[in-house]
Amino acid sequence: MPEAPLLDVRGLRVRFNAQVEAVRGVDLTVERGQTHCVVGESGCGKSVSSLAVMGLLARGAKRSAAHMRFDGQDILGLSDTALQRLRGDRMAMIFQEPMTSLNPAYTIGSQMAEALTRHRKVGKQQALDRAAELLTKVGITAPGLRLAQYPHQLSGGLRQRVMIAMALMCDPELLIADEPTTALDVTVQAQILRLLRDLQAELGLAILLITHDLGVVARIAHKVSVMYAGEVVESASATDLFAAPRHPYTQGLLGCVPIPGKIKRGDPLGSIPGTVPRIADGFTGCGFRDRCAHAMPQCAVSVPQRDDGAGHRHLCHLS
Amino acid sequence: MAFQLRRLALALGFVIVIGIALVALLAPWITPQDPFLQNLDARMAPPSFMDGGTAAHFLGTDQLGRDYFSRLIYGARISMLIGVLVVVCSGLIGTTLGVVGGFFGGRIDAVVMFIITCRLSIPLILVALTVVAFVGSSLTVVVLTLGLLLWERFAVVARTTTMQVRNLDYIAAAWAAGCSRPYILLREVLPNIVHHLIVVATLEMALAILLEAALSFLGLGVPPPLPSWGLMIAEAKDYMYFSPWVILVPGIALFVLVLGINLLGDGLRDRLGATRDA
Amino acid sequence: MTAAIEVRDATRVFRQSTGVFSGDRLIRAVDGVSFSVESGGCLGIVGESGCGKSTLARLILGLLPTTSGEVLVEGQRLADMDRKARARLIQPVFQDPFSSLNPRRRIRDIVAMPLQAQGITGRAQADRVEEMLVRVGLPGAIGDRVPAQLSGGQRQRVAIARALVLRPRIVVCDEPTSALDVSVQAQILNLLDELRRDLGLTYVFISHNLAVVEHISDRVAVMYLGRMVEQAGTDALFAAPKHPYTQALLASVLTPEPGLGVPDVGLGDLYPDPANVPPGCRFHPRCKLAQARCALEAPVPREVAGHRVECLLV
């Protein structure tokens with residue numbers, strides 16, 4: 001019997017108002033020491049899903065799920081205070097734009113220390129020592145200097161490193177990263193991803209990484225879920241998914257990405273016609289059928305969940 | 001819930017302002033009596049719904065026996081007229097200054113900022129009082145004085161919003177397309193700041209109406225026998241212990257109008273902001 | 001044959017105030033950049049944020065004057081041209097399709113704006129707008145809508161239609177697909193490529209995405225802190241980058257190929273600051289090959305095997 005996954009979410013649904021369901025029955029599992037990437041285009045529900053897991057949805061949003069477990073414990077019915085205790089402690093989150101998640105009025109040091117003293121009984125000095133230690137760990141030279149600085153004095157790459165260090169203050173077991181490198185330059189992106197990978201190996205972190213970038217997914221994910229219109233349309237190990245994508249959307253998406261040296265100049269890139277539909281209530285069948293070259297009449301009626309038995313699942317009539 | 005309350009406030013403001021504006025426009029046709037007609041035999045008659053009131057005078061009469069309801073309606077004319085004219089005058093001055101400063105920047109903007117700072121250093125009420133006292137009070141003098149003084153908020157808002165819009169890519173695209181400066185200012189910049197200016201206009205209108213009332217109360221606003229609400233309050237203050245309605249009626253009218261305009265302004269700010277982000 | 005665009009030693013300096021008591025700081029956003037683009041070609045310009053690539057775009061478009069140096073378009077000095085003549089030659093497509101279209105105007109009027117500026121009105125204007133909307137793959141009925149009713153991809157098509165409605169010779173694309181989803185990005189890239197071939201356009205294509213630049217450009221220039229550190233034909237540059245910065249940049253491209261892992265770009269945690277340019281070679285604090293003389297001696301561009309490189313060690 002394999003060990004139960006650290007995060008286990010089944011049938012997650014999120015609705016913002018009576019008409020629009022942003023997430024429609026999403027399953028996600030994150031194993032200890034592994035990275036699960038959720039990939040999709042804007043509006044597919046990937047960020048909403050991660051916020052729903054953290055219990056950070058905007059007011060007015062309603063979430064439901066068959067179950068949602070963290071380390072075997074149900075977190076769906078958890079009270080706000082209990083969830084708050086969990087957040088920042090055993091599960092931490094980093095966002096796309098670190099500037100908005102750091103308070104401009106406090107130094108890096110006091111914000112990092114607070115992340116620890118909020119959850120643990122430790123002194124200020126002890127917390128600052130830990131902050132300095134973690135800044136070194138995320139590859140920041142001269143941590144003493146950085147601790148005394150304010151967020152606006154740091155560049156984007158440094159801020160994201162600080163955010164990661166801050167997320168690690170309480171030794172979290174699960175790190176949820178929502179587009180952590182999208183706002184960064186390519187060279188810095190590679191550095192940050194390398195850092196996340198190294199930290200994972202060292203600390204046994206489970207990482208749920210939300211991104212739109214298939215390059216990032218290919219290079220860092222163990223497991224991938226492709227989201228489209230509020231559903232996970234395909235999920236598999238990274239190797240399987242890129243070697244043999246099964247869902248027409250995944251295939252289309254991979255064809256859209258230019259790869260240096262792979263496509264002759266002047267040849268068009270693959271592209272997916274049309275745009276993401278708005279899924280209204282009472283929608284049945286496959287959300288991708290209007291853009292799909294293989295659409296059949298039964299696609300408007302139902303979509304079967306297919307499973308090859310080795311963990312490669314997809315939602316489609318084609319197998 | 002909060003959203004519905006806000007819509008309700010906007011609707012209320014809209015109804016109040018449109019209602020009072022209609023009353024002001026239609027004043028000659030809806031007033032039951034001549035607001036200037038004195039009747040010394042029927043002075044200080046209480047409103048019809050109070051003890052001793054008569055059906056002839058719905059809100060009673062004032063110290064000269066003039067029909068109070070008719071005067072209130074004509075007073076709405078004065079308030080609305082002053083509000084609109086002052087806003088037009090100050091809006092033109094402030095918007096021009098602000099847009100020019102924000103759009104051209106540099107030295108021109110420095111001059112505009114200096115003018116705005118000078119204006120902010122002028123004690124509004126004192127200057128208005130002095131001017132009116134010096135030149136003599138008339139409707140024109142009140143409008144011009146307030147119009148020439150109340151433009152600073154237009155200028156500040158027009159300047160900052162123009163500066164934001166100026167740096168957007170669609171303005172760069174218009175430059176690259178070879179558009180002329182006036183074209184860019186009028187067709188590309190102005191339509192995108194006008195909703196901010198509408199909100200300022202409501203605030204300034206409310207302020208102008210209150211200031212006119214204050215000036216009239218001090219005897220330096222609209223000259224009698226024109227029925228301004230401020231003047232009515234001033235004339236009523238000698239009688240308010242015996243006949244409280246004479247001060248309550250124009251006071252409440254003033255409060256309701258200014259409240260309506262402010263509700264409208266707040267509501268428009270929310271609504272116009274929302275459409276811009278959508 | 002004259003080049004479509006020739007930039008000679010272009011420099012643009014910005015003044016930034018640093019506080020109440022300290023003096024102003026000078027930022028050389030573009031510092032002595034020279035290049036040319038031949039007619040019908042596509043020059044890709046890549047670099048990280050703050051390298052001056054967007055400022056360079058504005059210099060080429062004539063939206064900003066150069067502090068020194070000059071920009072020639074079809075052999076004429078840009079600074080000598082009147083705004084209408086310039087508009088007929090060179091047009092922009094910007095990054096953010098949400099801020100590049102006036103939210104208060106209808107699509108038809110947005111696309112007609114350049115024609116309006118040239119005094120082309122009435123039937124002729126309407127016909128050309130209609131033709132252009134069809135050409136970029138938009139339904140004609142879209143003309144009556146406002147930008148808020150369009151998707152990101154549709155908005156970018158509108159921006160392209162506006163840029164091409166005057167039938168310019170040159171289009172400067174400043175990150176035209178960076179704000180778009182992958183599938184939409186591919187559509188827009190295909191459209192831009194097709195339009196270039198059909199209409200014989202010359203492109204200056206600015207992007208931080210090297211894979212996109214590789215796909216669309218035939219020549220690539222790499223910018224770092226205001227300087228152009230390497231220029232070469234696309235294939236040559238991607239096959240054998242000479243400058244250490246180009247090498248790091250290319251190494252950091254993440255293609256969707258699992259198993260390759262995350263590359264080590266070896267640049268350390270020092271990030272470039274345009275307001276504080278290091279002496280000598282600007283890249284030396286981040287360069288893993290740097291030697292003592294790199295901090296002292298500023299490199300000049302040299303021709304090495306078809307690359308124009310600015311590095312002391314090449």
# chains A, B, ... in the order shown; residues from 1 in each chain; ligands from 1
$ interface_residues --of "chain C" --to "chain A" --cutoff "8 Å" --atoms "only C-alpha atoms" --output "count of residues only"
39
$ interface_residues --of "chain C" --to "chain B" --cutoff "9 Å" --atoms "only C-alpha atoms" --output "PyMOL selection string"
chain C and resi 58+61-63+82-88+90-105+113-118+148+159+162-163+166
$ select_by_dssp --residues "segment 103-220 of chain C" --states "alpha helix (DSSP H)" --output "VMD selection string"
chain C and resid 107 to 117 122 to 135 152 to 164 182 to 199 210 to 216
$ atom_distance --atom1 "atom CA of Val26 of chain A" --atom2 "atom CA of Lys62 of chain A"
14.5 Å
$ residues_around --residues "segment 27-34 of chain A" --least-positions-apart "2" --cutoff "7 Å" --atoms "only C-alpha atoms" --output "PDB file with N, CA and C atoms, in the first residue's frame"
ATOM      1  N   PRO A   5      -1.248  10.413  -0.422  1.00  0.00           N
ATOM      2  CA  PRO A   5      -0.693  11.697  -0.852  1.00  0.00           C
ATOM      3  C   PRO A   5      -0.863  12.778   0.217  1.00  0.00           C
ATOM      4  N   LEU A   6       0.025  13.769   0.199  1.00  0.00           N
ATOM      5  CA  LEU A   6      -0.036  14.844   1.195  1.00  0.00           C
ATOM      6  C   LEU A   6      -1.299  15.680   0.991  1.00  0.00           C
ATOM      7  N   LEU A   7      -1.561  16.010  -0.256  1.00  0.00           N
ATOM      8  CA  LEU A   7      -2.783  16.756  -0.553  1.00  0.00           C
ATOM      9  C   LEU A   7      -3.638  15.892  -1.464  1.00  0.00           C
ATOM     10  N   ASP A   8      -4.891  15.732  -1.100  1.00  0.00           N
ATOM     11  CA  ASP A   8      -5.775  14.887  -1.877  1.00  0.00           C
ATOM     12  C   ASP A   8      -7.117  15.598  -2.027  1.00  0.00           C
ATOM     13  N   VAL A   9      -7.391  16.064  -3.220  1.00  0.00           N
ATOM     14  CA  VAL A   9      -8.621  16.812  -3.471  1.00  0.00           C
ATOM     15  C   VAL A   9      -9.439  16.036  -4.496  1.00  0.00           C
ATOM     16  N   ARG A  10     -10.711  15.844  -4.214  1.00  0.00           N
ATOM     17  CA  ARG A  10     -11.595  15.128  -5.145  1.00  0.00           C
ATOM     18  C   ARG A  10     -12.836  15.961  -5.444  1.00  0.00           C
ATOM     19  N   GLY A  11     -13.127  16.115  -6.697  1.00  0.00           N
ATOM     20  CA  GLY A  11     -14.395  16.741  -7.109  1.00  0.00           C
ATOM     21  C   GLY A  11     -14.551  18.175  -6.636  1.00  0.00           C
ATOM     22  N   LEU A  12     -13.467  18.953  -6.727  1.00  0.00           N
ATOM     23  CA  LEU A  12     -13.533  20.345  -6.281  1.00  0.00           C
ATOM     24  C   LEU A  12     -14.381  21.176  -7.245  1.00  0.00           C
ATOM     25  N   GLY A  25     -15.439  20.179 -10.773  1.00  0.00           N
ATOM     26  CA  GLY A  25     -15.078  18.801 -10.457  1.00  0.00           C
ATOM     27  C   GLY A  25     -13.633  18.463 -10.735  1.00  0.00           C
ATOM     28  N   HIS A  36       3.552  18.812  -8.583  1.00  0.00           N
ATOM     29  CA  HIS A  36       2.392  18.617  -9.448  1.00  0.00           C
ATOM     30  C   HIS A  36       2.109  19.953 -10.118  1.00  0.00           C
ATOM     31  N   GLN A 200      13.254  21.363  -2.893  1.00  0.00           N
ATOM     32  CA  GLN A 200      12.397  20.189  -2.805  1.00  0.00           C
ATOM     33  C   GLN A 200      13.213  18.944  -2.459  1.00  0.00           C
ATOM     34  N   ALA A 201      14.351  18.791  -3.158  1.00  0.00           N
ATOM     35  CA  ALA A 201      15.191  17.621  -2.910  1.00  0.00           C
ATOM     36  C   ALA A 201      15.694  17.628  -1.476  1.00  0.00           C
ATOM     37  N   GLY A 204      12.206  17.782   1.073  1.00  0.00           N
ATOM     38  CA  GLY A 204      11.088  16.874   0.837  1.00  0.00           C
ATOM     39  C   GLY A 204       9.768  17.579   0.640  1.00  0.00           C
ATOM     40  N   LEU A 205       9.826  18.816   0.107  1.00  0.00           N
ATOM     41  CA  LEU A 205       8.615  19.612  -0.102  1.00  0.00           C
ATOM     42  C   LEU A 205       7.705  18.978  -1.151  1.00  0.00           C
ATOM     43  N   ALA A 206       6.414  19.079  -0.906  1.00  0.00           N
ATOM     44  CA  ALA A 206       5.466  18.805  -1.978  1.00  0.00           C
ATOM     45  C   ALA A 206       5.102  20.154  -2.595  1.00  0.00           C
ATOM     46  N   ILE A 207       5.136  20.253  -3.933  1.00  0.00           N
ATOM     47  CA  ILE A 207       4.871  21.531  -4.568  1.00  0.00           C
ATOM     48  C   ILE A 207       3.692  21.404  -5.528  1.00  0.00           C
ATOM     49  N   LEU A 208       2.731  22.315  -5.374  1.00  0.00           N
ATOM     50  CA  LEU A 208       1.652  22.426  -6.358  1.00  0.00           C
ATOM     51  C   LEU A 208       1.930  23.704  -7.128  1.00  0.00           C
ATOM     52  N   HIS A 222       6.667  16.515 -11.840  1.00  0.00           N
ATOM     53  CA  HIS A 222       6.592  15.066 -11.830  1.00  0.00           C
ATOM     54  C   HIS A 222       5.269  14.645 -12.439  1.00  0.00           C
TER      55      HIS A 222
END
$ residues_around --residues "Gln76 of chain C" --least-positions-apart "3" --cutoff "12 Å" --atoms "only C-alpha atoms" --output "PyMOL selection string"
chain C and resi 2-7+70-73+79-82+85-86+89
$ write_last_selection --atoms "C-alpha atoms" --output "mmCIF file, in the first residue's frame"
data_model
loop_
_atom_site.group_PDB
_atom_site.id
_atom_site.type_symbol
_atom_site.label_atom_id
_atom_site.label_comp_id
_atom_site.auth_asym_id
_atom_site.auth_seq_id
_atom_site.Cartn_x
_atom_site.Cartn_y
_atom_site.Cartn_z
ATOM 1 C CA THR C 2 19.236 51.393 -48.766
ATOM 2 C CA ALA C 3 18.260 49.629 -45.589
ATOM 3 C CA ALA C 4 14.668 49.963 -44.403
ATOM 4 C CA ILE C 5 15.925 51.135 -41.022
ATOM 5 C CA GLU C 6 19.331 52.270 -40.072
ATOM 6 C CA VAL C 7 20.160 53.302 -36.528
ATOM 7 C CA GLU C 70 20.164 59.246 -35.532
ATOM 8 C CA VAL C 71 17.528 56.979 -36.964
ATOM 9 C CA LEU C 72 17.123 56.697 -40.738
ATOM 10 C CA VAL C 73 14.009 55.221 -42.277
ATOM 11 C CA ALA C 79 13.965 63.639 -37.163
ATOM 12 C CA ASP C 80 13.464 65.577 -40.442
ATOM 13 C CA MET C 81 10.185 63.917 -41.358
ATOM 14 C CA ASP C 82 6.810 65.429 -40.571
ATOM 15 C CA ALA C 85 5.108 61.165 -43.666
ATOM 16 C CA ARG C 86 6.545 59.208 -40.761
ATOM 17 C CA LEU C 89 6.326 54.635 -43.337
#
$ select_by_dssp --residues "segment 58-193 of chain C" --states "strand (DSSP E)" --output "short mmCIF file (atom, residue, chain, number, x, y, z; two decimals) with C-alpha atoms, in the first residue's frame"
data_model
loop_
_atom_site.label_atom_id
_atom_site.label_comp_id
_atom_site.auth_asym_id
_atom_site.auth_seq_id
_atom_site.Cartn_x
_atom_site.Cartn_y
_atom_site.Cartn_z
CA SER C 68 22.36 61.78 -29.75
CA GLY C 69 22.78 59.65 -32.85
CA GLU C 70 20.16 59.25 -35.53
CA VAL C 71 17.53 56.98 -36.96
CA LEU C 72 17.12 56.70 -40.74
CA VAL C 73 14.01 55.22 -42.28
CA GLN C 76 15.67 59.65 -44.65
CA ARG C 77 16.40 61.04 -41.23
CA ILE C 90 6.45 53.14 -39.88
CA GLN C 91 3.79 51.91 -37.44
CA PRO C 92 3.74 50.20 -34.03
CA VAL C 93 2.08 47.17 -32.50
CA ILE C 170 7.95 48.98 -41.46
CA VAL C 171 6.19 47.68 -38.37
CA VAL C 172 7.75 47.87 -34.91
CA CYS C 173 6.28 45.10 -32.75
CA ASP C 174 6.99 45.71 -29.06
#
$ atom_distance --atom1 "atom CA of Arg8 of chain C" --atom2 "atom CA of Val46 of chain C"
18.8 Å
$ residues_around --residues "segment 43-52 of chain A" --least-positions-apart "2" --cutoff "8 Å" --atoms "only C-alpha atoms" --output "number ranges by chain"
A: 12, 14, 22-23, 26, 38-41, 54-57, 63, 176, 178, 210, 227-231, 276
$ residues_around --residues "Asp198 of chain C" --least-positions-apart "3" --cutoff "12 Å" --atoms "only C-alpha atoms" --output "PDB file with C-alpha atoms, in the first residue's frame"
ATOM      1  CA  GLY A 266       8.080  30.560 -42.345  1.00  0.00           C
TER       2      GLY A 266
ATOM      3  CA  GLY C  40      11.669  42.817 -46.051  1.00  0.00           C
ATOM      4  CA  ARG C 135      -7.310  40.907 -43.715  1.00  0.00           C
ATOM      5  CA  ARG C 167       0.148  50.325 -45.709  1.00  0.00           C
ATOM      6  CA  LEU C 191      -0.747  36.252 -38.785  1.00  0.00           C
ATOM      7  CA  LEU C 192       2.228  38.601 -38.412  1.00  0.00           C
ATOM      8  CA  ASP C 193       4.458  36.236 -40.385  1.00  0.00           C
ATOM      9  CA  GLU C 194       1.894  35.854 -43.156  1.00  0.00           C
ATOM     10  CA  LEU C 195       1.303  39.609 -43.397  1.00  0.00           C
ATOM     11  CA  LEU C 201       6.809  44.426 -44.653  1.00  0.00           C
ATOM     12  CA  THR C 202       9.943  44.961 -42.619  1.00  0.00           C
TER      13      THR C 202
END
$ atom_distance --atom1 "atom CA of His196 of chain B" --atom2 "atom CA of Leu64 of chain C"
28.9 Å
$ residues_around --residues "segment 88-99 of chain A" --least-positions-apart "4" --cutoff "8 Å" --atoms "only C-alpha atoms" --output "list in words"
Gln84, Asn103, Pro104, Ala115, His119, Pro151, His152, Gly156, Arg159, Gln160, Met163, Ile164, Ala167, Leu168, Cys170, Asp171, Pro172, Glu173, Leu174, Leu175, Ile176, Ala177, Asp178, Glu179, Pro180, Thr181, Thr182 and Ala183 of chain A
$ write_last_selection --atoms "N, CA and C atoms" --output "short mmCIF file (atom, residue, chain, number, x, y, z; two decimals), in the first residue's frame"
data_model
loop_
_atom_site.label_atom_id
_atom_site.label_comp_id
_atom_site.auth_asym_id
_atom_site.auth_seq_id
_atom_site.Cartn_x
_atom_site.Cartn_y
_atom_site.Cartn_z
N GLN A 84 -6.37 29.02 9.07
CA GLN A 84 -5.35 30.06 9.15
C GLN A 84 -4.09 29.53 9.84
N ASN A 103 4.62 43.62 2.32
CA ASN A 103 4.15 44.91 2.82
C ASN A 103 5.26 45.96 2.65
N PRO A 104 4.99 47.02 1.86
CA PRO A 104 6.05 47.98 1.57
C PRO A 104 6.52 48.77 2.79
N ALA A 115 6.44 35.94 10.07
CA ALA A 115 5.89 34.70 9.53
C ALA A 115 6.14 33.53 10.48
N HIS A 119 3.31 31.71 14.11
CA HIS A 119 2.92 30.31 14.25
C HIS A 119 3.68 29.57 15.35
N PRO A 151 10.96 46.18 0.68
CA PRO A 151 10.70 45.46 -0.57
C PRO A 151 11.04 46.25 -1.83
N HIS A 152 10.75 47.57 -1.86
CA HIS A 152 10.96 48.32 -3.10
C HIS A 152 12.44 48.44 -3.45
N GLY A 156 12.94 42.35 -8.91
CA GLY A 156 11.90 41.32 -8.97
C GLY A 156 12.41 39.93 -8.61
N ARG A 159 13.06 39.73 -4.90
CA ARG A 159 11.81 39.69 -4.15
C ARG A 159 11.20 38.30 -4.18
N GLN A 160 11.26 37.66 -5.36
CA GLN A 160 10.67 36.33 -5.43
C GLN A 160 11.47 35.34 -4.57
N MET A 163 10.30 35.92 -1.11
CA MET A 163 8.99 35.30 -0.90
C MET A 163 9.12 33.80 -0.64
N ILE A 164 10.01 33.18 -1.40
CA ILE A 164 10.20 31.73 -1.21
C ILE A 164 10.80 31.47 0.17
N ALA A 167 8.16 31.83 2.71
CA ALA A 167 7.24 30.70 2.72
C ALA A 167 7.84 29.51 3.45
N LEU A 168 9.18 29.46 3.48
CA LEU A 168 9.84 28.31 4.10
C LEU A 168 10.07 28.48 5.59
N CYS A 170 8.38 28.39 8.28
CA CYS A 170 7.82 27.43 9.23
C CYS A 170 7.99 25.99 8.78
N ASP A 171 8.94 25.72 7.88
CA ASP A 171 9.12 24.37 7.36
C ASP A 171 7.83 23.77 6.81
N PRO A 172 7.23 24.38 5.81
CA PRO A 172 5.97 23.83 5.32
C PRO A 172 6.20 22.48 4.65
N GLU A 173 5.12 21.69 4.59
CA GLU A 173 5.23 20.42 3.88
C GLU A 173 4.73 20.59 2.46
N LEU A 174 3.78 21.54 2.29
CA LEU A 174 3.23 21.77 0.96
C LEU A 174 3.46 23.23 0.58
N LEU A 175 3.98 23.44 -0.64
CA LEU A 175 4.15 24.80 -1.14
C LEU A 175 3.27 24.95 -2.38
N ILE A 176 2.37 25.93 -2.33
CA ILE A 176 1.54 26.19 -3.51
C ILE A 176 2.11 27.44 -4.18
N ALA A 177 2.51 27.30 -5.43
CA ALA A 177 3.14 28.43 -6.14
C ALA A 177 2.28 28.77 -7.35
N ASP A 178 1.71 29.99 -7.34
CA ASP A 178 0.83 30.41 -8.42
C ASP A 178 1.62 31.30 -9.38
N GLU A 179 1.97 30.79 -10.53
CA GLU A 179 2.76 31.50 -11.54
C GLU A 179 3.97 32.20 -10.90
N PRO A 180 4.83 31.45 -10.20
CA PRO A 180 5.88 32.12 -9.43
C PRO A 180 6.94 32.80 -10.29
N THR A 181 7.04 32.44 -11.57
CA THR A 181 8.13 33.01 -12.37
C THR A 181 7.62 33.81 -13.57
N THR A 182 6.30 34.00 -13.66
CA THR A 182 5.74 34.65 -14.85
C THR A 182 6.19 36.09 -14.99
N ALA A 183 6.37 36.79 -13.86
CA ALA A 183 6.71 38.21 -13.94
C ALA A 183 8.23 38.41 -14.05
#
